[in-house]
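structure.pdb follows (PDB, C-alpha atoms):
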```
ATOM      1  CA  MET A   1      87.239  97.353  94.770
ATOM      2  CA  THR A   2      89.891  94.818  93.761
ATOM      3  CA  ASP A   3      93.623  95.454  93.335
ATOM      4  CA  ALA A   4      93.104  95.368  89.569
ATOM      5  CA  GLU A   5      90.577  98.210  89.801
ATOM      6  CA  THR A   6      92.706 100.546  91.935
ATOM      7  CA  THR A   7      94.844 103.270  90.463
ATOM      8  CA  GLY A   8      97.428 103.249  93.234
ATOM      9  CA  PRO A   9      99.843 100.636  94.554
ATOM     10  CA  THR A  10      98.445  97.174  95.198
ATOM     11  CA  ALA A  11      98.799  94.867  98.178
ATOM     12  CA  ALA A  12     101.268  92.817  96.123
ATOM     13  CA  MET A  13     103.380  95.949  95.563
ATOM     14  CA  PHE A  14     103.409  96.708  99.292
ATOM     15  CA  ASP A  15     104.246  93.075 100.110
ATOM     16  CA  ALA A  16     107.155  93.178  97.647
ATOM     17  CA  TRP A  17     108.413  96.484  99.048
ATOM     18  CA  ILE A  18     108.276  95.249 102.650
ATOM     19  CA  ALA A  19     110.109  92.048 101.707
ATOM     20  CA  ALA A  20     112.789  94.162  99.970
ATOM     21  CA  TYR A  21     113.008  96.411 103.053
ATOM     22  CA  VAL A  22     113.633  93.380 105.269
ATOM     23  CA  ARG A  23     116.330  92.133 102.845
ATOM     24  CA  ALA A  24     118.001  95.571 102.968
ATOM     25  CA  TRP A  25     117.758  95.552 106.770
ATOM     26  CA  GLU A  26     119.444  92.131 106.782
ATOM     27  CA  SER A  27     122.211  93.101 104.353
ATOM     28  CA  ASN A  28     122.820  96.790 105.144
ATOM     29  CA  ASP A  29     123.953  96.990 101.532
ATOM     30  CA  PRO A  30     123.778 100.622 100.312
ATOM     31  CA  GLY A  31     122.422  99.512  96.940
ATOM     32  CA  ASP A  32     119.656  97.419  98.544
ATOM     33  CA  ILE A  33     118.673 100.379 100.718
ATOM     34  CA  ALA A  34     118.785 102.905  97.869
ATOM     35  CA  ARG A  35     116.564 100.760  95.615
ATOM     36  CA  LEU A  36     113.761 101.063  98.169
ATOM     37  CA  PHE A  37     113.351 104.827  97.875
ATOM     38  CA  THR A  38     112.610 107.536  95.341
ATOM     39  CA  GLU A  39     115.297 110.180  94.859
ATOM     40  CA  ASP A  40     113.371 112.727  96.970
ATOM     41  CA  ALA A  41     111.937 110.323  99.564
ATOM     42  CA  ALA A  42     111.435 111.281 103.211
ATOM     43  CA  TYR A  43     112.114 108.781 106.024
ATOM     44  CA  SER A  44     110.919 109.582 109.561
ATOM     45  CA  THR A  45     112.253 107.337 112.324
ATOM     46  CA  ALA A  46     109.488 108.658 114.585
ATOM     47  CA  PRO A  47     106.410 110.708 113.747
ATOM     48  CA  PHE A  48     107.658 114.052 115.059
ATOM     49  CA  ARG A  49     111.353 113.813 114.208
ATOM     50  CA  GLN A  50     112.890 115.670 111.311
ATOM     51  CA  PRO A  51     112.877 113.182 108.422
ATOM     52  CA  TRP A  52     115.907 112.036 106.539
ATOM     53  CA  GLN A  53     115.336 113.824 103.227
ATOM     54  CA  GLY A  54     116.430 112.270  99.923
ATOM     55  CA  ARG A  55     117.645 108.795  98.989
ATOM     56  CA  ASP A  56     121.342 109.539  99.613
ATOM     57  CA  ALA A  57     120.611 110.889 103.103
ATOM     58  CA  ILE A  58     118.395 107.907 103.887
ATOM     59  CA  VAL A  59     121.164 105.471 102.955
ATOM     60  CA  ALA A  60     123.767 107.400 104.968
ATOM     61  CA  GLU A  61     121.600 107.739 108.076
ATOM     62  CA  TRP A  62     120.410 104.105 107.897
ATOM     63  CA  LEU A  63     124.021 102.932 107.885
ATOM     64  CA  LYS A  64     124.907 105.149 110.878
ATOM     65  CA  ILE A  65     122.368 103.320 113.062
ATOM     66  CA  LYS A  66     122.209  99.957 111.290
ATOM     67  CA  ASP A  67     121.206  96.788 113.051
ATOM     68  CA  GLU A  68     123.688  93.969 112.590
ATOM     69  CA  PRO A  69     122.494  90.880 110.719
ATOM     70  CA  GLY A  70     121.387  88.120 113.062
ATOM     71  CA  ALA A  71     120.773  90.547 115.948
ATOM     72  CA  TRP A  72     117.010  90.701 115.344
ATOM     73  CA  THR A  73     113.984  88.997 113.878
ATOM     74  CA  PHE A  74     111.016  90.733 112.274
ATOM     75  CA  THR A  75     107.497  89.629 111.430
ATOM     76  CA  TRP A  76     104.833  91.821 109.893
ATOM     77  CA  GLU A  77     101.371  92.105 108.431
ATOM     78  CA  LEU A  78      99.919  94.604 105.985
ATOM     79  CA  LEU A  79      96.954  96.104 107.826
ATOM     80  CA  GLY A  80      95.480  98.053 104.950
ATOM     81  CA  ILE A  81      95.906 100.356 102.010
ATOM     82  CA  SER A  82      94.377 103.760 101.299
ATOM     83  CA  ASP A  83      95.294 105.194  97.911
ATOM     84  CA  ASP A  84      99.119 105.181  97.873
ATOM     85  CA  LEU A  85      99.514 104.599 101.642
ATOM     86  CA  GLY A  86     100.160 101.220 103.206
ATOM     87  CA  PHE A  87      99.820 100.531 106.922
ATOM     88  CA  VAL A  88     102.080  97.838 108.337
ATOM     89  CA  ARG A  89     102.133  96.270 111.801
ATOM     90  CA  GLY A  90     105.466  94.730 112.729
ATOM     91  CA  TRP A  91     107.164  92.976 115.597
ATOM     92  CA  THR A  92     110.925  93.216 116.076
ATOM     93  CA  THR A  93     112.779  91.050 118.559
ATOM     94  CA  TYR A  94     116.397  91.948 119.297
ATOM     95  CA  THR A  95     118.668  89.273 120.727
ATOM     96  CA  ASP A  96     120.096  91.704 123.287
ATOM     97  CA  GLN A  97     116.778  93.118 124.552
ATOM     98  CA  GLU A  98     114.340  91.600 127.006
ATOM     99  CA  HIS A  99     111.178  92.917 125.348
ATOM    100  CA  PRO A 100     110.136  92.922 121.690
ATOM    101  CA  ILE A 101     109.405  96.136 119.817
ATOM    102  CA  SER A 102     105.975  96.776 118.340
ATOM    103  CA  ASN A 103     106.061  98.757 115.090
ATOM    104  CA  LEU A 104     103.592 100.685 112.980
ATOM    105  CA  TRP A 105     104.779 101.855 109.564
ATOM    106  CA  VAL A 106     103.010 104.244 107.236
ATOM    107  CA  VAL A 107     104.506 103.795 103.770
ATOM    108  CA  ARG A 108     103.673 105.933 100.725
ATOM    109  CA  LEU A 109     104.624 104.170  97.501
ATOM    110  CA  ALA A 110     105.238 105.872  94.184
ATOM    111  CA  ALA A 111     103.719 104.361  91.033
ATOM    112  CA  ASP A 112     106.968 102.467  90.353
ATOM    113  CA  GLY A 113     106.794 100.687  93.737
ATOM    114  CA  ARG A 114     109.533 102.663  95.472
ATOM    115  CA  CYS A 115     108.850 104.451  98.732
ATOM    116  CA  ALA A 116     108.302 108.207  98.594
ATOM    117  CA  GLU A 117     107.538 108.658 102.292
ATOM    118  CA  PHE A 118     108.108 106.410 105.318
ATOM    119  CA  THR A 119     107.109 107.064 108.919
ATOM    120  CA  GLU A 120     107.542 104.584 111.733
ATOM    121  CA  TRP A 121     106.209 104.402 115.238
ATOM    122  CA  TRP A 122     107.838 101.925 117.591
ATOM    123  CA  MET A 123     107.459 101.083 121.234
ATOM    124  CA  GLU A 124     108.877  98.467 123.536
ATOM    125  CA  GLU A 125     106.321  95.874 124.661
ATOM    126  CA  LYS A 126     106.440  95.750 128.448
TER     127      LYS A 126
END
```
This entry written out as structure tokens:
Amino acid sequence: MTDAETTGPTAAMFDAWIAAYVRAWESNDPGDIARLFTEDAAYSTAPFRQPWQGRDAIVAEWLKIKDEPGAWTFTWELLGISDDLGFVRGWTTYTDQEHPISNLWVVRLAADGRCAEFTEWWMEEK
């Protein structure tokens, strides 16, 4: 099945969302962050943590633990899509840490391309 034949978000939509996420991560601009998420989105910083619930809470919590611009680099690849879920492998390198961080993101996009649900797994590569 091609992207044109699917009813859910396409690879291009996920690519655009991830690129926008990285821009928001770089800027820490509340508007950039808010544009990523639906009003009732859920953001889990780890699979079994209580999620940040709602766009306003996501923006507020993001800014409480923000990474400073220039303190990290991030590369990623979209591993696959199933219906409205995208699976992303990422690698984050912080300038003040010896080991990079390996990431797995599960991202549920709404029809308009904003994220409705985000869960991340991350672990230090040692």
_Which of A:Phe118, A:Phe74, A:Tyr21, A:Trp105 sits closest to Asp40 (chain A) [using all atoms listed in the file]_ =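 Closest to Asp40 (chain A) of all the choices is A:Phe118.
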_Counting all atoms listed in the file, the residue of A:Asp67, A:Glu61, A:Asp32, A:Glu39 that sits nearest Ala19 (chain A)_ = A:Asp32
*For CA of Ser44 (chain A) and CA of Pro100 (chain A), determine how far apart the two atoms are, in Å to one decimal place.*
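Between CA of Ser44 (chain A) and CA of Pro100 (chain A) the gap works out to 20.6 Å.
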Give me, as a tab-separated table, the closest atom pair and its distance (Å, one decimal) for every residue of region 41-76 of chain A within a cut-off of 12 Å of region 86-98 of chain A, counting all atoms listed in the file, rows sorted by chain and rising number.
```
residue	atom	partner	partner_atom	distance
A:Asp67	CA	A:Tyr94	CA	9.3
A:Glu68	CA	A:Tyr94	CA	10.1
A:Pro69	CA	A:Tyr94	CA	10.6
A:Gly70	CA	A:Thr95	CA	8.2
A:Ala71	CA	A:Thr95	CA	5.4
A:Trp72	CA	A:Tyr94	CA	4.2
A:Thr73	CA	A:Thr93	CA	5.3
A:Phe74	CA	A:Thr92	CA	4.5
A:Thr75	CA	A:Trp91	CA	5.4
A:Trp76	CA	A:Gly90	CA	4.1
```
_Let me make sure I understand: among A:Ile58, A:Lys126, A:Phe14, A:Gly8, which one has the smallest atom-to-atom distance to Glu77 (chain A) if we use all atoms listed in the file?_
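Comparing A:Ile58, A:Lys126, A:Phe14, A:Gly8 against Glu77 (chain A), the winner is A:Phe14.
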_Quick check, in Å to one decimal: how far apart do CA of Val59 (chain A) and CA of Ile18 (chain A) lie?_
16.5 Å
_Between A:Leu78, A:Ala57, A:Cys115, A:Lys66, which residue has the minimum interatomic distance to Ala24 (chain A), considering all atoms listed in the file?_
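With all atoms listed in the file as the atom set, the closest residue is A:Lys66.
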All file atoms of region 78-89 of chain A boxed axis-aligned, 3 Å per side, centre plus edges, as AutoDock Vina command-line options:
```
--center_x 98.3 --center_y 99.9 --center_z 104.8 --size_x 13.8 --size_y 16.6 --size_z 19.9
```
